[in-house]
>>> print(open('protein_33.cif').read())   # mmCIF, C-alpha atoms
data_upload
loop_
_atom_site.label_atom_id
_atom_site.label_comp_id
_atom_site.auth_asym_id
_atom_site.auth_seq_id
_atom_site.Cartn_x
_atom_site.Cartn_y
_atom_site.Cartn_z
CA MET F 1 60.75 101.30 66.95
CA ARG F 2 63.56 99.15 65.60
CA THR F 3 66.18 101.76 66.54
CA PHE F 4 64.77 102.01 70.06
CA PHE F 5 64.93 98.23 70.47
CA ILE F 6 68.57 98.11 69.34
CA LEU F 7 69.50 100.91 71.76
CA TYR F 8 67.80 99.03 74.58
CA ILE F 9 69.80 95.87 73.81
CA ILE F 10 73.08 97.83 73.75
CA LEU F 11 72.33 99.51 77.08
CA TRP F 12 71.40 96.19 78.66
CA PHE F 13 74.59 94.61 77.34
CA PHE F 14 76.88 97.22 78.85
CA GLN F 15 75.08 97.11 82.18
CA GLU F 16 75.56 93.37 82.33
CA ILE F 17 79.30 93.52 81.70
CA PRO F 18 80.93 92.38 84.95
CA ALA F 19 83.62 94.50 86.52
CA GLN F 20 86.42 92.43 85.04
CA SER F 21 84.85 91.03 81.88
CA GLY F 22 86.89 91.87 78.80
CA ILE F 23 88.82 94.54 80.70
CA ALA F 24 92.03 92.83 81.66
CA ASP F 25 95.14 94.77 82.56
CA THR F 26 98.12 92.95 81.08
CA SER F 27 100.79 95.41 82.20
CA PRO F 28 103.69 94.08 84.35
CA ALA F 29 102.72 96.28 87.29
CA ALA F 30 99.23 94.79 87.32
CA ALA F 31 100.63 91.32 87.97
CA ASN F 32 101.57 92.34 91.52
CA PHE F 33 98.52 94.50 92.11
CA ILE F 34 96.30 93.54 95.06
CA GLU F 35 92.63 94.47 94.89
CA ASN F 36 91.11 96.55 97.68
CA LYS F 37 89.93 94.09 100.34
CA TYR F 38 87.48 96.53 101.97
CA ILE F 39 85.66 97.21 98.70
CA LEU F 40 85.48 93.51 97.89
CA GLU F 41 84.20 92.59 101.35
CA TYR F 42 81.68 95.35 102.11
CA ASN F 43 78.95 97.36 100.43
CA THR F 44 78.29 101.03 101.14
CA GLU F 45 75.96 100.49 104.08
CA SER F 46 77.84 97.65 105.77
CA PHE F 47 81.18 99.45 105.44
CA PHE F 48 80.08 102.53 107.38
CA ASN F 49 78.35 100.32 109.94
CA THR F 50 81.72 98.79 110.87
CA GLY F 51 83.00 102.13 112.20
CA LEU F 52 86.38 101.65 110.46
CA ALA F 53 86.05 105.04 108.78
CA ASN F 54 85.83 106.76 112.19
CA ASN F 55 89.46 105.97 113.03
CA GLN F 56 91.90 108.87 112.93
CA ILE F 57 94.55 109.01 110.22
CA GLU F 58 97.91 108.36 111.87
CA TYR F 59 100.79 108.46 109.42
CA LEU F 60 102.80 105.87 111.36
CA THR F 61 99.95 103.36 110.98
CA PHE F 62 98.34 104.88 107.90
CA ASP F 63 96.00 102.45 106.11
CA GLN F 64 96.03 103.63 102.51
CA GLU F 65 93.68 100.85 101.44
CA LEU F 66 91.12 101.91 104.05
CA LEU F 67 91.26 105.56 102.98
CA ASN F 68 90.79 104.58 99.32
CA ALA F 69 87.79 102.45 100.27
CA THR F 70 86.29 105.20 102.44
CA ILE F 71 86.40 107.68 99.55
CA PHE F 72 84.95 105.01 97.23
CA PHE F 73 81.99 104.33 99.51
CA SER F 74 81.54 108.05 100.28
CA ILE F 75 81.15 108.74 96.55
CA ASN F 76 78.57 105.98 96.25
CA LYS F 77 76.77 107.25 99.34
CA LEU F 78 76.53 110.67 97.70
CA ARG F 79 75.31 109.13 94.44
CA LYS F 80 72.70 107.08 96.29
CA LYS F 81 71.49 110.22 98.05
CA SER F 82 71.19 111.87 94.63
CA ARG F 83 69.22 108.84 93.36
CA LYS F 84 72.02 107.70 91.08
CA SER F 85 73.23 104.14 90.64
CA GLU F 86 76.35 103.22 92.60
CA LEU F 87 79.67 103.05 90.79
CA LYS F 88 81.45 99.70 90.60
CA TYR F 89 84.99 98.85 91.58
CA ASN F 90 87.36 97.93 88.74
CA SER F 91 90.86 96.57 89.24
CA VAL F 92 92.12 97.97 85.91
CA LEU F 93 91.29 101.55 86.86
CA ASP F 94 92.59 100.94 90.37
CA SER F 95 95.87 99.47 89.13
CA LEU F 96 96.55 102.30 86.67
CA SER F 97 95.62 105.09 89.07
CA SER F 98 97.74 103.56 91.86
CA GLN F 99 100.70 103.49 89.45
CA TYR F 100 100.21 107.16 88.67
CA VAL F 101 99.93 108.14 92.34
CA ALA F 102 103.05 106.19 93.29
CA ASN F 103 105.19 107.44 90.39
CA ASN F 104 104.37 111.16 90.43
CA ASN F 105 105.24 113.83 92.97
CA ALA F 106 102.80 116.12 94.75
CA TYR F 107 103.19 118.95 92.21
CA LYS F 108 101.46 116.77 89.60
CA PHE F 109 98.34 116.72 91.81
CA LYS F 110 97.80 120.46 92.01
CA ARG F 111 94.50 121.21 90.34
CA SER F 112 95.31 122.60 86.91
CA SER F 113 94.29 121.88 83.33
CA TYR F 114 97.90 120.95 82.54
CA ASN F 115 98.02 118.23 85.21
CA ILE F 116 94.60 116.90 84.18
CA LYS F 117 95.84 116.63 80.58
CA ASN F 118 98.88 114.66 81.75
CA ILE F 119 96.74 112.15 83.62
CA SER F 120 94.29 111.83 80.73
CA LYS F 121 97.18 111.22 78.34
CA PHE F 122 98.63 108.56 80.66
CA LEU F 123 95.28 106.75 80.93
CA PHE F 124 94.63 106.94 77.18
CA ILE F 125 98.04 105.44 76.36
CA GLU F 126 97.67 102.67 78.94
CA PHE F 127 94.15 101.77 77.80
CA LYS F 128 95.30 101.59 74.19
CA LYS F 129 98.46 99.67 75.04
CA ASN F 130 96.58 96.95 76.92
CA ASN F 131 93.53 96.85 74.62
CA ASN F 132 91.21 97.83 77.45
CA ARG F 133 87.62 98.61 76.55
CA PHE F 134 87.20 101.88 78.44
CA SER F 135 86.35 104.57 75.92
CA LEU F 136 85.13 107.16 78.41
CA PHE F 137 87.06 108.29 81.46
CA SER F 138 87.61 111.32 83.65
CA ALA F 139 90.22 112.09 86.30
CA ASN F 140 90.04 114.34 89.34
CA ILE F 141 93.12 115.30 91.37
CA ASN F 142 93.72 117.14 94.61
CA ILE F 143 96.11 117.65 97.51
CA LEU F 144 94.39 117.69 100.90
CA GLN F 145 95.68 118.18 104.43
CA ILE F 146 95.31 115.20 106.74
CA LEU F 147 95.03 117.46 109.79
CA LYS F 148 91.98 119.57 110.65
CA TYR F 149 94.01 122.73 110.24
CA THR F 150 92.39 126.14 109.87
CA ASN F 151 94.23 127.95 107.09
CA ASN F 152 96.46 130.92 107.94
CA ARG F 153 96.50 130.20 111.67
CA ARG F 154 99.95 130.10 113.21
CA PHE F 155 101.12 126.83 114.70
CA TYR F 156 104.21 125.31 116.25
CA TYR F 157 105.88 121.94 116.72
CA ASP F 158 106.27 120.73 120.31
CA LYS F 159 109.30 118.43 120.33
CA THR F 160 108.85 117.72 124.05
CA ASP F 161 105.47 116.09 123.47
CA THR F 162 105.97 112.32 123.36
CA SER F 163 102.31 111.33 123.59
CA LYS F 164 101.09 112.62 120.23
CA THR F 165 101.90 111.56 116.69
CA TYR F 166 101.91 114.91 114.90
CA LYS F 167 102.86 117.19 117.84
CA LEU F 168 101.46 120.29 116.13
CA TYR F 169 99.62 122.97 118.10
CA TYR F 170 97.98 126.28 117.30
CA THR F 171 100.04 129.18 118.62
CA PRO F 172 98.24 130.72 121.63
CA THR F 173 96.91 134.25 121.30
CA TYR F 174 98.66 137.15 123.01
CA LYS F 175 96.26 136.99 125.97
CA ASP F 176 96.95 133.29 126.48
CA SER F 177 100.64 133.36 125.65
CA ASP F 178 101.53 131.54 128.86
CA THR F 179 99.31 128.54 128.06
CA ILE F 180 99.78 125.52 125.81
CA GLY F 181 98.20 125.81 122.39
CA VAL F 182 95.33 123.66 121.17
CA GLN F 183 96.43 120.49 119.42
CA ILE F 184 95.68 120.22 115.69
CA ASP F 185 93.82 116.93 115.42
CA PRO F 186 94.12 114.61 112.42
CA HIS F 187 91.17 113.85 110.18
CA THR F 188 89.35 110.58 110.48
CA TYR F 189 89.14 108.51 107.31
CA LYS F 190 85.51 109.58 107.00
CA SER F 191 86.07 113.31 107.57
CA PHE F 192 88.95 113.30 105.06
CA SER F 193 86.61 111.74 102.48
CA GLU F 194 83.97 114.37 103.25
CA LEU F 195 86.65 117.05 102.84
CA TYR F 196 87.42 115.67 99.39
CA LEU F 197 83.75 115.64 98.37
CA ARG F 198 83.36 119.27 99.50
CA SER F 199 86.34 120.20 97.34
CA VAL F 200 84.68 118.78 94.22
CA GLN F 201 82.31 121.42 92.88
CA GLY F 202 80.76 122.61 89.64
CA TYR F 203 81.45 120.60 86.50
CA GLU F 204 83.64 118.05 88.33
CA ARG F 205 80.85 117.33 90.81
CA ARG F 206 78.34 116.86 87.99
CA LYS F 207 80.68 114.31 86.43
CA LEU F 208 80.95 112.51 89.77
CA LEU F 209 77.16 112.15 89.77
CA SER F 210 76.82 111.48 86.04
CA ASN F 211 75.16 108.34 84.68
CA SER F 212 77.78 108.29 81.90
CA PHE F 213 80.21 106.47 84.19
CA CYS F 214 79.81 103.06 85.79
CA TYR F 215 83.25 102.46 87.39
CA VAL F 216 85.47 104.41 89.76
CA SER F 217 88.90 104.04 91.34
CA CYS F 218 90.11 106.00 94.35
CA ASN F 219 93.79 106.26 95.25
CA THR F 220 95.63 108.29 97.86
CA GLU F 221 99.13 108.58 99.27
CA VAL F 222 100.53 110.62 102.14
CA VAL F 223 103.38 112.82 100.89
CA GLU F 224 106.41 111.89 102.96
CA HIS F 225 108.26 115.19 102.77
CA SER F 226 105.14 116.93 104.16
CA LEU F 227 105.67 115.01 107.40
CA ASP F 228 108.45 117.44 108.26
CA ARG F 229 107.87 118.67 111.79
CA LYS F 230 107.25 122.26 110.69
CA LYS F 231 104.65 121.44 108.04
CA ILE F 232 101.01 120.43 107.91
CA PRO F 233 101.07 116.93 106.35
CA PHE F 234 98.95 116.29 103.28
CA ALA F 235 97.98 113.51 100.89
CA LYS F 236 97.68 113.14 97.13
CA VAL F 237 94.23 112.14 95.85
CA LEU F 238 93.36 110.72 92.42
CA ILE F 239 89.83 109.70 91.43
CA VAL F 240 89.28 108.12 88.01
CA LEU F 241 85.83 107.52 86.54
CA GLY F 242 85.41 104.99 83.73
CA GLY F 243 82.65 104.09 81.30
CA PHE F 244 81.74 103.26 77.73
CA ARG F 245 80.44 105.28 74.83
CA ILE F 246 77.39 103.86 73.10
CA PRO F 247 78.26 103.32 69.43
CA GLU F 248 76.32 105.36 66.95
CA ILE F 249 73.69 103.48 64.99
CA LYS F 250 73.31 104.49 61.39
CA LYS F 251 69.85 104.60 60.02
CA LYS F 252 69.38 102.35 57.06
#
>>> encode(input="protein_33.cif", output="structure tokens")
Amino acid sequence: MRTFFILYIILWFFQEIPAQSGIADTSPAAANFIENKYILEYNTESFFNTGLANNQIEYLTFDQELLNATIFFSINKLRKKSRKSELKYNSVLDSLSSQYVANNNAYKFKRSSYNIKNISKFLFIEFKKNNNRFSLFSANINILQILKYTNNRRFYYDKTDTSKTYKLYYTPTYKDSDTIGVQIDPHTYKSFSELYLRSVQGYERRKLLSNSFCYVSCNTEVVEHSLDRKKIPFAKVLIVLGGFRIPEIKKK
């Protein structure tokens, strides 16, 4: 009975820790870090009610903060549907993950155990360096196309088109060779987030829905060299989950 009571107190204590309490990022980069205004202003329901996530992703006016927030709220929407508590926003996780996204090229975001180890090592060193209290964390990486492109279909760049941003079209079939191809439309912020969630399967998806984590950061960045006119543009995605391990209680 005594052990159960102590466990209950510990669980209550960690649940009551506010998002910033005792978890301060003292790194130089964090001094200039700006928290996500959409996450601070809205909750999951009110955010999607605004319709902001239904805007198309245009790289000339790309709102990275909005895409990060859309993925954040999409994760919480999925957790709510699965009857899990929503994850909280934390500026420490957000600051560190944004540093990693900005300072590493697209090859570091290809899904491999080697790249995951690199991110985990980076987070572990930063947490230890700044005396942060996160003792449990998990990272998920990906590279996703920002156009609704069907893989392996041929496409071309129409340099004469001045009305569209991306100017990419599917190559017409042989029967319709004398017609203009169908434009490859960009994702909306919402459909890109849904694409990410569909890409997370198996063990990674179970971690996304796990009660072991209470914080999450979502960071993205469009890869500039992928905006070449003959390529399908894509974006780097980094999701970091954070939590705390419950200390073991020795029986007396």
>>> resolve_selection(input="protein_33.cif", expression="the PyMOL selection byres ((chain F and resi 115) around 12)", output="list in words")
Tyr100, Asn104, Asn105, Ala106, Tyr107, Lys108, Phe109, Lys110, Arg111, Ser112, Ser113, Tyr114, Ile116, Lys117, Asn118, Ile119, Ser120, Lys121, Phe122, Ala139, Asn140, Ile141, Asn142 and Leu238 of chain F
>>> resolve_selection(input="protein_33.cif", expression="the PyMOL selection byres ((chain F and resi 73) around 12)", output="ChimeraX atom specification")
/F:38-40,42-49,53,66-72,74-80,86-89,189-190,193-194,197,216-218
>>> write_last_selection(input="protein_33.cif", atoms="C-alpha atoms", output="tab-separated table (two decimals), in the frame of the given file")
chain	number	residue	atom	x	y	z
F	38	TYR	CA	87.48	96.53	101.97
F	39	ILE	CA	85.66	97.21	98.70
F	40	LEU	CA	85.48	93.51	97.89
F	42	TYR	CA	81.68	95.35	102.11
F	43	ASN	CA	78.95	97.36	100.43
F	44	THR	CA	78.29	101.03	101.14
F	45	GLU	CA	75.96	100.49	104.08
F	46	SER	CA	77.84	97.65	105.77
F	47	PHE	CA	81.18	99.45	105.44
F	48	PHE	CA	80.08	102.53	107.38
F	49	ASN	CA	78.35	100.32	109.94
F	53	ALA	CA	86.05	105.04	108.78
F	66	LEU	CA	91.12	101.91	104.05
F	67	LEU	CA	91.26	105.56	102.98
F	68	ASN	CA	90.79	104.58	99.32
F	69	ALA	CA	87.79	102.45	100.27
F	70	THR	CA	86.29	105.20	102.44
F	71	ILE	CA	86.40	107.68	99.55
F	72	PHE	CA	84.95	105.01	97.23
F	74	SER	CA	81.54	108.05	100.28
F	75	ILE	CA	81.15	108.74	96.55
F	76	ASN	CA	78.57	105.98	96.25
F	77	LYS	CA	76.77	107.25	99.34
F	78	LEU	CA	76.53	110.67	97.70
F	79	ARG	CA	75.31	109.13	94.44
F	80	LYS	CA	72.70	107.08	96.29
F	86	GLU	CA	76.35	103.22	92.60
F	87	LEU	CA	79.67	103.05	90.79
F	88	LYS	CA	81.45	99.70	90.60
F	89	TYR	CA	84.99	98.85	91.58
F	189	TYR	CA	89.14	108.51	107.31
F	190	LYS	CA	85.51	109.58	107.00
F	193	SER	CA	86.61	111.74	102.48
F	194	GLU	CA	83.97	114.37	103.25
F	197	LEU	CA	83.75	115.64	98.37
F	216	VAL	CA	85.47	104.41	89.76
F	217	SER	CA	88.90	104.04	91.34
F	218	CYS	CA	90.11	106.00	94.35
>>> residues_around(input="protein_33.cif", residues="Thr188 of chain F", least_positions_apart="2", cutoff="7 Å", atoms="only C-alpha atoms", output="list of chain:residue names")
F:Ala53, F:Asn54, F:Asn55, F:Gln56, F:Ile57, F:Pro186, F:Lys190, F:Ser191, F:Phe192
>>> atom_distance(input="protein_33.cif", atom1="atom CA of Ser82 of chain F", atom2="atom CA of Leu209 of chain F")
7.7 Å
>>> atom_distance(input="protein_33.cif", atom1="atom CA of Asp161 of chain F", atom2="atom CA of Ser226 of chain F")
19.3 Å
>>> residues_near_point(input="protein_33.cif", point="(103.3, 109.3, 101.7)", cutoff="9 Å", atoms="all atoms listed in the file", output="list in words")
Tyr59, Ala102, Thr220, Glu221, Val222, Val223, Glu224, His225, Ser226, Leu227, Phe234, Ala235 and Lys236 of chain F
>>> write_last_selection(input="protein_33.cif", atoms="C-alpha atoms", output="tab-separated table (two decimals), keeping the file's coordinate frame")
chain	number	residue	atom	x	y	z
F	59	TYR	CA	100.79	108.46	109.42
F	102	ALA	CA	103.05	106.19	93.29
F	220	THR	CA	95.63	108.29	97.86
F	221	GLU	CA	99.13	108.58	99.27
F	222	VAL	CA	100.53	110.62	102.14
F	223	VAL	CA	103.38	112.82	100.89
F	224	GLU	CA	106.41	111.89	102.96
F	225	HIS	CA	108.26	115.19	102.77
F	226	SER	CA	105.14	116.93	104.16
F	227	LEU	CA	105.67	115.01	107.40
F	234	PHE	CA	98.95	116.29	103.28
F	235	ALA	CA	97.98	113.51	100.89
F	236	LYS	CA	97.68	113.14	97.13
>>> residues_around(input="protein_33.cif", residues="Ile34 of chain F", least_positions_apart="5", cutoff="12 Å", atoms="only C-alpha atoms", output="list in words")
Ala29, Ile39, Leu40, Glu65, Asn90, Ser91, Val92, Asp94, Ser95 and Ser98 of chain F
>>> resolve_selection(input="protein_33.cif", expression="the PyMOL selection byres ((chain F and resi 147) around 8)", output="PyMOL selection string")
chain F and resi 145-146+148-149+184-187+232-234
>>> write_last_selection(input="protein_33.cif", atoms="C-alpha atoms", output="PDB file, in the coordinates of the input")
ATOM      1  CA  GLN F 145      95.680 118.180 104.430  1.00  0.00           C
ATOM      2  CA  ILE F 146      95.310 115.200 106.740  1.00  0.00           C
ATOM      3  CA  LYS F 148      91.980 119.570 110.650  1.00  0.00           C
ATOM      4  CA  TYR F 149      94.010 122.730 110.240  1.00  0.00           C
ATOM      5  CA  ILE F 184      95.680 120.220 115.690  1.00  0.00           C
ATOM      6  CA  ASP F 185      93.820 116.930 115.420  1.00  0.00           C
ATOM      7  CA  PRO F 186      94.120 114.610 112.420  1.00  0.00           C
ATOM      8  CA  HIS F 187      91.170 113.850 110.180  1.00  0.00           C
ATOM      9  CA  ILE F 232     101.010 120.430 107.910  1.00  0.00           C
ATOM     10  CA  PRO F 233     101.070 116.930 106.350  1.00  0.00           C
ATOM     11  CA  PHE F 234      98.950 116.290 103.280  1.00  0.00           C
TER      12      PHE F 234
END
>>> closest_residue(input="protein_33.cif", among="F:Thr165, F:Lys159, F:Gly242, F:Pro172", to="Thr61 of chain F", atoms="all atoms listed in the file")
F:Thr165
>>> atom_distance(input="protein_33.cif", atom1="atom CA of Gln183 of chain F", atom2="atom CA of Thr160 of chain F")
13.5 Å
>>> decode(input="protein_33.cif", residues="segment 115-129 of chain F", atoms="N, CA and C atoms", output="short mmCIF file (atom, residue, chain, number, x, y, z; two decimals), in the first residue's frame")
data_model
loop_
_atom_site.label_atom_id
_atom_site.label_comp_id
_atom_site.auth_asym_id
_atom_site.auth_seq_id
_atom_site.Cartn_x
_atom_site.Cartn_y
_atom_site.Cartn_z
N ASN F 115 21.17 7.15 -38.98
CA ASN F 115 20.73 8.54 -38.81
C ASN F 115 19.98 8.75 -37.50
N ILE F 116 19.19 7.75 -37.11
CA ILE F 116 18.47 7.84 -35.83
C ILE F 116 19.46 7.89 -34.68
N LYS F 117 20.54 7.10 -34.76
CA LYS F 117 21.56 7.11 -33.72
C LYS F 117 22.24 8.47 -33.63
N ASN F 118 22.47 9.10 -34.77
CA ASN F 118 23.10 10.43 -34.78
C ASN F 118 22.23 11.46 -34.07
N ILE F 119 20.93 11.43 -34.36
CA ILE F 119 20.02 12.37 -33.72
C ILE F 119 19.93 12.11 -32.22
N SER F 120 19.83 10.84 -31.85
CA SER F 120 19.74 10.48 -30.44
C SER F 120 21.00 10.92 -29.68
N LYS F 121 22.15 10.76 -30.33
CA LYS F 121 23.41 11.18 -29.71
C LYS F 121 23.43 12.70 -29.52
N PHE F 122 22.97 13.42 -30.54
CA PHE F 122 22.92 14.89 -30.47
C PHE F 122 22.02 15.34 -29.32
N LEU F 123 20.83 14.75 -29.21
CA LEU F 123 19.90 15.13 -28.16
C LEU F 123 20.45 14.79 -26.78
N PHE F 124 21.06 13.62 -26.65
CA PHE F 124 21.61 13.20 -25.36
C PHE F 124 22.69 14.17 -24.89
N ILE F 125 23.58 14.55 -25.81
CA ILE F 125 24.67 15.48 -25.46
C ILE F 125 24.12 16.84 -25.06
N GLU F 126 23.13 17.33 -25.82
CA GLU F 126 22.56 18.64 -25.53
C GLU F 126 21.80 18.65 -24.21
N PHE F 127 21.05 17.58 -23.95
CA PHE F 127 20.33 17.50 -22.68
C PHE F 127 21.30 17.51 -21.50
N LYS F 128 22.38 16.74 -21.64
CA LYS F 128 23.37 16.65 -20.56
C LYS F 128 24.12 17.96 -20.40
N LYS F 129 24.44 18.60 -21.52
CA LYS F 129 25.20 19.85 -21.49
C LYS F 129 24.43 20.96 -20.77
#
